[in-house]
Amino acid sequence: MIKPPYLKPGDTIGIVAPARKVSIGDIETAIEIIKQQGYKVLLSDNLFGNYHQYSGTAEQRTNDFQQMLDNSNVKAIIAARG
């Protein structure tokens with residue numbers, strides 16, 4: 001089993017919306033708490049997108065998640081919703 005290292009202040013946490021759309025008002029408190037804990041926050045490109053009830057098309061949402069996985073600076077990924 002591969003165990004990732006623990007998060008430390010200064011690490012980047014990515015936030016994606018792999019399903020239902022969100023607004024900044026839905027998650028702004030969470031973003032501030034993450035920052036107050038000493039972490040950087042990276043928001044996905046389509047986090048606040050709007051495609052029917054989703055944050056983007058299936059392709060956009062998949063690409064957002066893959067970009068977070070591919071970004072070596074991102075040490076954790078949080079789903080805003082879904």
# chains A, B, ... in the order shown; residues from 1 in each chain; ligands from 1
>>> residues_around(residues="stretch 45-55 of chain A", least_positions_apart="2", cutoff="7 Å", atoms="only C-alpha atoms", output="list in words")
Val16, Ala17, Ala19, Arg20, Lys21, Val22, Ser23, Leu43, Thr57, Gln60, Arg61 and Asp64 of chain A
>>> write_last_selection(atoms="N, CA and C atoms", output="PDB file, in the first residue's frame")
ATOM      1  N   VAL A  16     -12.537  20.581  -6.823  1.00  0.00           N
ATOM      2  CA  VAL A  16     -13.249  20.290  -8.065  1.00  0.00           C
ATOM      3  C   VAL A  16     -14.727  20.075  -7.764  1.00  0.00           C
ATOM      4  N   ALA A  17     -15.545  20.174  -8.791  1.00  0.00           N
ATOM      5  CA  ALA A  17     -16.975  19.856  -8.672  1.00  0.00           C
ATOM      6  C   ALA A  17     -17.263  18.774  -9.700  1.00  0.00           C
ATOM      7  N   ALA A  19     -19.577  16.774 -10.029  1.00  0.00           N
ATOM      8  CA  ALA A  19     -20.983  16.503 -10.319  1.00  0.00           C
ATOM      9  C   ALA A  19     -21.760  17.817 -10.293  1.00  0.00           C
ATOM     10  N   ARG A  20     -22.633  17.955  -9.356  1.00  0.00           N
ATOM     11  CA  ARG A  20     -23.547  19.093  -9.296  1.00  0.00           C
ATOM     12  C   ARG A  20     -22.803  20.427  -9.197  1.00  0.00           C
ATOM     13  N   LYS A  21     -23.390  21.445  -9.816  1.00  0.00           N
ATOM     14  CA  LYS A  21     -22.776  22.772  -9.810  1.00  0.00           C
ATOM     15  C   LYS A  21     -22.796  23.371  -8.409  1.00  0.00           C
ATOM     16  N   VAL A  22     -21.869  24.281  -8.170  1.00  0.00           N
ATOM     17  CA  VAL A  22     -21.789  25.009  -6.907  1.00  0.00           C
ATOM     18  C   VAL A  22     -21.596  26.487  -7.215  1.00  0.00           C
ATOM     19  N   SER A  23     -21.876  27.310  -6.226  1.00  0.00           N
ATOM     20  CA  SER A  23     -21.610  28.740  -6.353  1.00  0.00           C
ATOM     21  C   SER A  23     -20.518  29.098  -5.362  1.00  0.00           C
ATOM     22  N   LEU A  43      -8.536  26.268  -7.489  1.00  0.00           N
ATOM     23  CA  LEU A  43      -9.899  25.991  -7.947  1.00  0.00           C
ATOM     24  C   LEU A  43      -9.858  25.472  -9.384  1.00  0.00           C
ATOM     25  N   THR A  57     -19.809  20.073 -18.637  1.00  0.00           N
ATOM     26  CA  THR A  57     -20.084  18.836 -19.352  1.00  0.00           C
ATOM     27  C   THR A  57     -19.290  17.701 -18.710  1.00  0.00           C
ATOM     28  N   GLN A  60     -15.669  18.262 -19.458  1.00  0.00           N
ATOM     29  CA  GLN A  60     -15.056  19.339 -18.677  1.00  0.00           C
ATOM     30  C   GLN A  60     -14.772  18.889 -17.247  1.00  0.00           C
ATOM     31  N   ARG A  61     -15.721  18.209 -16.633  1.00  0.00           N
ATOM     32  CA  ARG A  61     -15.549  17.763 -15.259  1.00  0.00           C
ATOM     33  C   ARG A  61     -14.443  16.713 -15.144  1.00  0.00           C
ATOM     34  N   ASP A  64     -11.141  18.560 -15.526  1.00  0.00           N
ATOM     35  CA  ASP A  64     -10.801  19.274 -14.291  1.00  0.00           C
ATOM     36  C   ASP A  64     -10.145  18.333 -13.286  1.00  0.00           C
TER      37      ASP A  64
END
>>> residues_around(residues="A:Asn73", least_positions_apart="2", cutoff="10 Å", atoms="only C-alpha atoms", output="PyMOL selection string")
chain A and resi 11-14+40+42+68-71+75-76
>>> write_last_selection(atoms="C-alpha atoms", output="mmCIF file, in the first residue's frame")
data_model
loop_
_atom_site.group_PDB
_atom_site.id
_atom_site.type_symbol
_atom_site.label_atom_id
_atom_site.label_comp_id
_atom_site.auth_asym_id
_atom_site.auth_seq_id
_atom_site.Cartn_x
_atom_site.Cartn_y
_atom_site.Cartn_z
ATOM 1 C CA ASP A 11 0.708 22.527 0.414
ATOM 2 C CA THR A 12 -1.895 23.044 -2.294
ATOM 3 C CA ILE A 13 -5.380 21.572 -2.063
ATOM 4 C CA GLY A 14 -7.371 21.399 -5.284
ATOM 5 C CA LYS A 40 -3.008 27.079 -0.718
ATOM 6 C CA LEU A 42 -6.428 25.779 -6.416
ATOM 7 C CA MET A 68 -5.621 18.153 -10.529
ATOM 8 C CA LEU A 69 -4.205 14.614 -10.629
ATOM 9 C CA ASP A 70 -1.533 15.673 -13.127
ATOM 10 C CA ASN A 71 -0.500 18.793 -11.187
ATOM 11 C CA LYS A 75 -1.221 17.377 -2.655
ATOM 12 C CA ALA A 76 -4.948 16.740 -2.002
#
>>> atom_distance(atom1="atom CA of A:Gln67", atom2="atom CA of A:Ala79")
13.7 Å
>>> atom_distance(atom1="atom CA of A:Gln66", atom2="atom CA of A:Gln36")
26.5 Å
>>> select_by_dssp(residues="chain A", states="alpha helix (DSSP H)", output="list in words")
Ile24, Gly25, Asp26, Ile27, Glu28, Thr29, Ala30, Ile31, Glu32, Ile33, Ile34, Lys35, Gln36, Ala58, Glu59, Gln60, Arg61, Thr62, Asn63, Asp64, Phe65, Gln66, Gln67, Met68, Leu69 and Asp70 of chain A
>>> atom_distance(atom1="atom CA of A:Ile15", atom2="atom CA of A:Ile77")
5.8 Å
>>> decode(residues="stretch 13-25 of chain A", atoms="all heavy atoms", output="PDB file, in the first residue's frame")
ATOM      1  N   ILE A  13      -4.199  22.428  -2.031  1.00  0.00           N
ATOM      2  CA  ILE A  13      -5.380  21.572  -2.063  1.00  0.00           C
ATOM      3  C   ILE A  13      -6.237  22.030  -3.238  1.00  0.00           C
ATOM      4  O   ILE A  13      -6.606  23.195  -3.331  1.00  0.00           O
ATOM      5  CB  ILE A  13      -6.170  21.667  -0.747  1.00  0.00           C
ATOM      6  CG1 ILE A  13      -5.311  21.155   0.413  1.00  0.00           C
ATOM      7  CG2 ILE A  13      -7.484  20.891  -0.853  1.00  0.00           C
ATOM      8  CD1 ILE A  13      -5.939  21.331   1.783  1.00  0.00           C
ATOM      9  N   GLY A  14      -6.535  21.104  -4.133  1.00  0.00           N
ATOM     10  CA  GLY A  14      -7.371  21.399  -5.284  1.00  0.00           C
ATOM     11  C   GLY A  14      -8.834  21.148  -4.959  1.00  0.00           C
ATOM     12  O   GLY A  14      -9.163  20.215  -4.232  1.00  0.00           O
ATOM     13  N   ILE A  15      -9.686  21.984  -5.493  1.00  0.00           N
ATOM     14  CA  ILE A  15     -11.126  21.813  -5.303  1.00  0.00           C
ATOM     15  C   ILE A  15     -11.776  21.657  -6.669  1.00  0.00           C
ATOM     16  O   ILE A  15     -11.579  22.485  -7.558  1.00  0.00           O
ATOM     17  CB  ILE A  15     -11.749  22.997  -4.541  1.00  0.00           C
ATOM     18  CG1 ILE A  15     -11.091  23.163  -3.170  1.00  0.00           C
ATOM     19  CG2 ILE A  15     -13.262  22.798  -4.386  1.00  0.00           C
ATOM     20  CD1 ILE A  15     -11.595  24.338  -2.363  1.00  0.00           C
ATOM     21  N   VAL A  16     -12.537  20.581  -6.823  1.00  0.00           N
ATOM     22  CA  VAL A  16     -13.249  20.290  -8.065  1.00  0.00           C
ATOM     23  C   VAL A  16     -14.727  20.075  -7.764  1.00  0.00           C
ATOM     24  O   VAL A  16     -15.105  19.826  -6.621  1.00  0.00           O
ATOM     25  CB  VAL A  16     -12.680  19.040  -8.772  1.00  0.00           C
ATOM     26  CG1 VAL A  16     -11.241  19.243  -9.168  1.00  0.00           C
ATOM     27  CG2 VAL A  16     -12.825  17.807  -7.912  1.00  0.00           C
ATOM     28  N   ALA A  17     -15.545  20.174  -8.791  1.00  0.00           N
ATOM     29  CA  ALA A  17     -16.975  19.856  -8.672  1.00  0.00           C
ATOM     30  C   ALA A  17     -17.263  18.774  -9.700  1.00  0.00           C
ATOM     31  O   ALA A  17     -17.644  19.066 -10.830  1.00  0.00           O
ATOM     32  CB  ALA A  17     -17.838  21.090  -8.903  1.00  0.00           C
ATOM     33  N   PRO A  18     -17.050  17.504  -9.338  1.00  0.00           N
ATOM     34  CA  PRO A  18     -17.203  16.433 -10.310  1.00  0.00           C
ATOM     35  C   PRO A  18     -18.649  16.114 -10.665  1.00  0.00           C
ATOM     36  O   PRO A  18     -18.902  15.281 -11.521  1.00  0.00           O
ATOM     37  CB  PRO A  18     -16.535  15.239  -9.629  1.00  0.00           C
ATOM     38  CG  PRO A  18     -16.650  15.525  -8.176  1.00  0.00           C
ATOM     39  CD  PRO A  18     -16.583  17.016  -8.045  1.00  0.00           C
ATOM     40  N   ALA A  19     -19.577  16.774 -10.029  1.00  0.00           N
ATOM     41  CA  ALA A  19     -20.983  16.503 -10.319  1.00  0.00           C
ATOM     42  C   ALA A  19     -21.760  17.817 -10.293  1.00  0.00           C
ATOM     43  O   ALA A  19     -21.525  18.694 -11.093  1.00  0.00           O
ATOM     44  CB  ALA A  19     -21.553  15.500  -9.319  1.00  0.00           C
ATOM     45  N   ARG A  20     -22.633  17.955  -9.356  1.00  0.00           N
ATOM     46  CA  ARG A  20     -23.547  19.093  -9.296  1.00  0.00           C
ATOM     47  C   ARG A  20     -22.803  20.427  -9.197  1.00  0.00           C
ATOM     48  O   ARG A  20     -21.762  20.529  -8.572  1.00  0.00           O
ATOM     49  CB  ARG A  20     -24.490  18.915  -8.101  1.00  0.00           C
ATOM     50  CG  ARG A  20     -25.636  19.877  -8.075  1.00  0.00           C
ATOM     51  CD  ARG A  20     -26.648  19.445  -7.002  1.00  0.00           C
ATOM     52  NE  ARG A  20     -27.632  20.467  -6.783  1.00  0.00           N
ATOM     53  CZ  ARG A  20     -28.734  20.605  -7.508  1.00  0.00           C
ATOM     54  NH1 ARG A  20     -28.976  19.776  -8.485  1.00  0.00           N
ATOM     55  NH2 ARG A  20     -29.591  21.559  -7.243  1.00  0.00           N
ATOM     56  N   LYS A  21     -23.390  21.445  -9.816  1.00  0.00           N
ATOM     57  CA  LYS A  21     -22.776  22.772  -9.810  1.00  0.00           C
ATOM     58  C   LYS A  21     -22.796  23.371  -8.409  1.00  0.00           C
ATOM     59  O   LYS A  21     -23.619  23.019  -7.559  1.00  0.00           O
ATOM     60  CB  LYS A  21     -23.479  23.701 -10.793  1.00  0.00           C
ATOM     61  CG  LYS A  21     -24.948  23.925 -10.508  1.00  0.00           C
ATOM     62  CD  LYS A  21     -25.580  24.727 -11.637  1.00  0.00           C
ATOM     63  CE  LYS A  21     -27.079  24.740 -11.491  1.00  0.00           C
ATOM     64  NZ  LYS A  21     -27.729  25.363 -12.630  1.00  0.00           N
ATOM     65  N   VAL A  22     -21.869  24.281  -8.170  1.00  0.00           N
ATOM     66  CA  VAL A  22     -21.789  25.009  -6.907  1.00  0.00           C
ATOM     67  C   VAL A  22     -21.596  26.487  -7.215  1.00  0.00           C
ATOM     68  O   VAL A  22     -21.184  26.861  -8.307  1.00  0.00           O
ATOM     69  CB  VAL A  22     -20.619  24.518  -6.022  1.00  0.00           C
ATOM     70  CG1 VAL A  22     -20.809  23.083  -5.613  1.00  0.00           C
ATOM     71  CG2 VAL A  22     -19.281  24.709  -6.696  1.00  0.00           C
ATOM     72  N   SER A  23     -21.876  27.310  -6.226  1.00  0.00           N
ATOM     73  CA  SER A  23     -21.610  28.740  -6.353  1.00  0.00           C
ATOM     74  C   SER A  23     -20.518  29.098  -5.362  1.00  0.00           C
ATOM     75  O   SER A  23     -20.240  28.341  -4.426  1.00  0.00           O
ATOM     76  CB  SER A  23     -22.873  29.558  -6.060  1.00  0.00           C
ATOM     77  OG  SER A  23     -23.197  29.480  -4.689  1.00  0.00           O
ATOM     78  N   ILE A  24     -19.911  30.241  -5.548  1.00  0.00           N
ATOM     79  CA  ILE A  24     -18.876  30.683  -4.613  1.00  0.00           C
ATOM     80  C   ILE A  24     -19.457  30.781  -3.206  1.00  0.00           C
ATOM     81  O   ILE A  24     -18.791  30.451  -2.233  1.00  0.00           O
ATOM     82  CB  ILE A  24     -18.207  32.005  -5.065  1.00  0.00           C
ATOM     83  CG1 ILE A  24     -17.039  32.381  -4.148  1.00  0.00           C
ATOM     84  CG2 ILE A  24     -19.211  33.138  -5.122  1.00  0.00           C
ATOM     85  CD1 ILE A  24     -15.877  31.437  -4.179  1.00  0.00           C
ATOM     86  N   GLY A  25     -20.707  31.189  -3.102  1.00  0.00           N
ATOM     87  CA  GLY A  25     -21.341  31.292  -1.793  1.00  0.00           C
ATOM     88  C   GLY A  25     -21.457  29.955  -1.081  1.00  0.00           C
ATOM     89  O   GLY A  25     -21.438  29.894   0.144  1.00  0.00           O
TER      90      GLY A  25
END
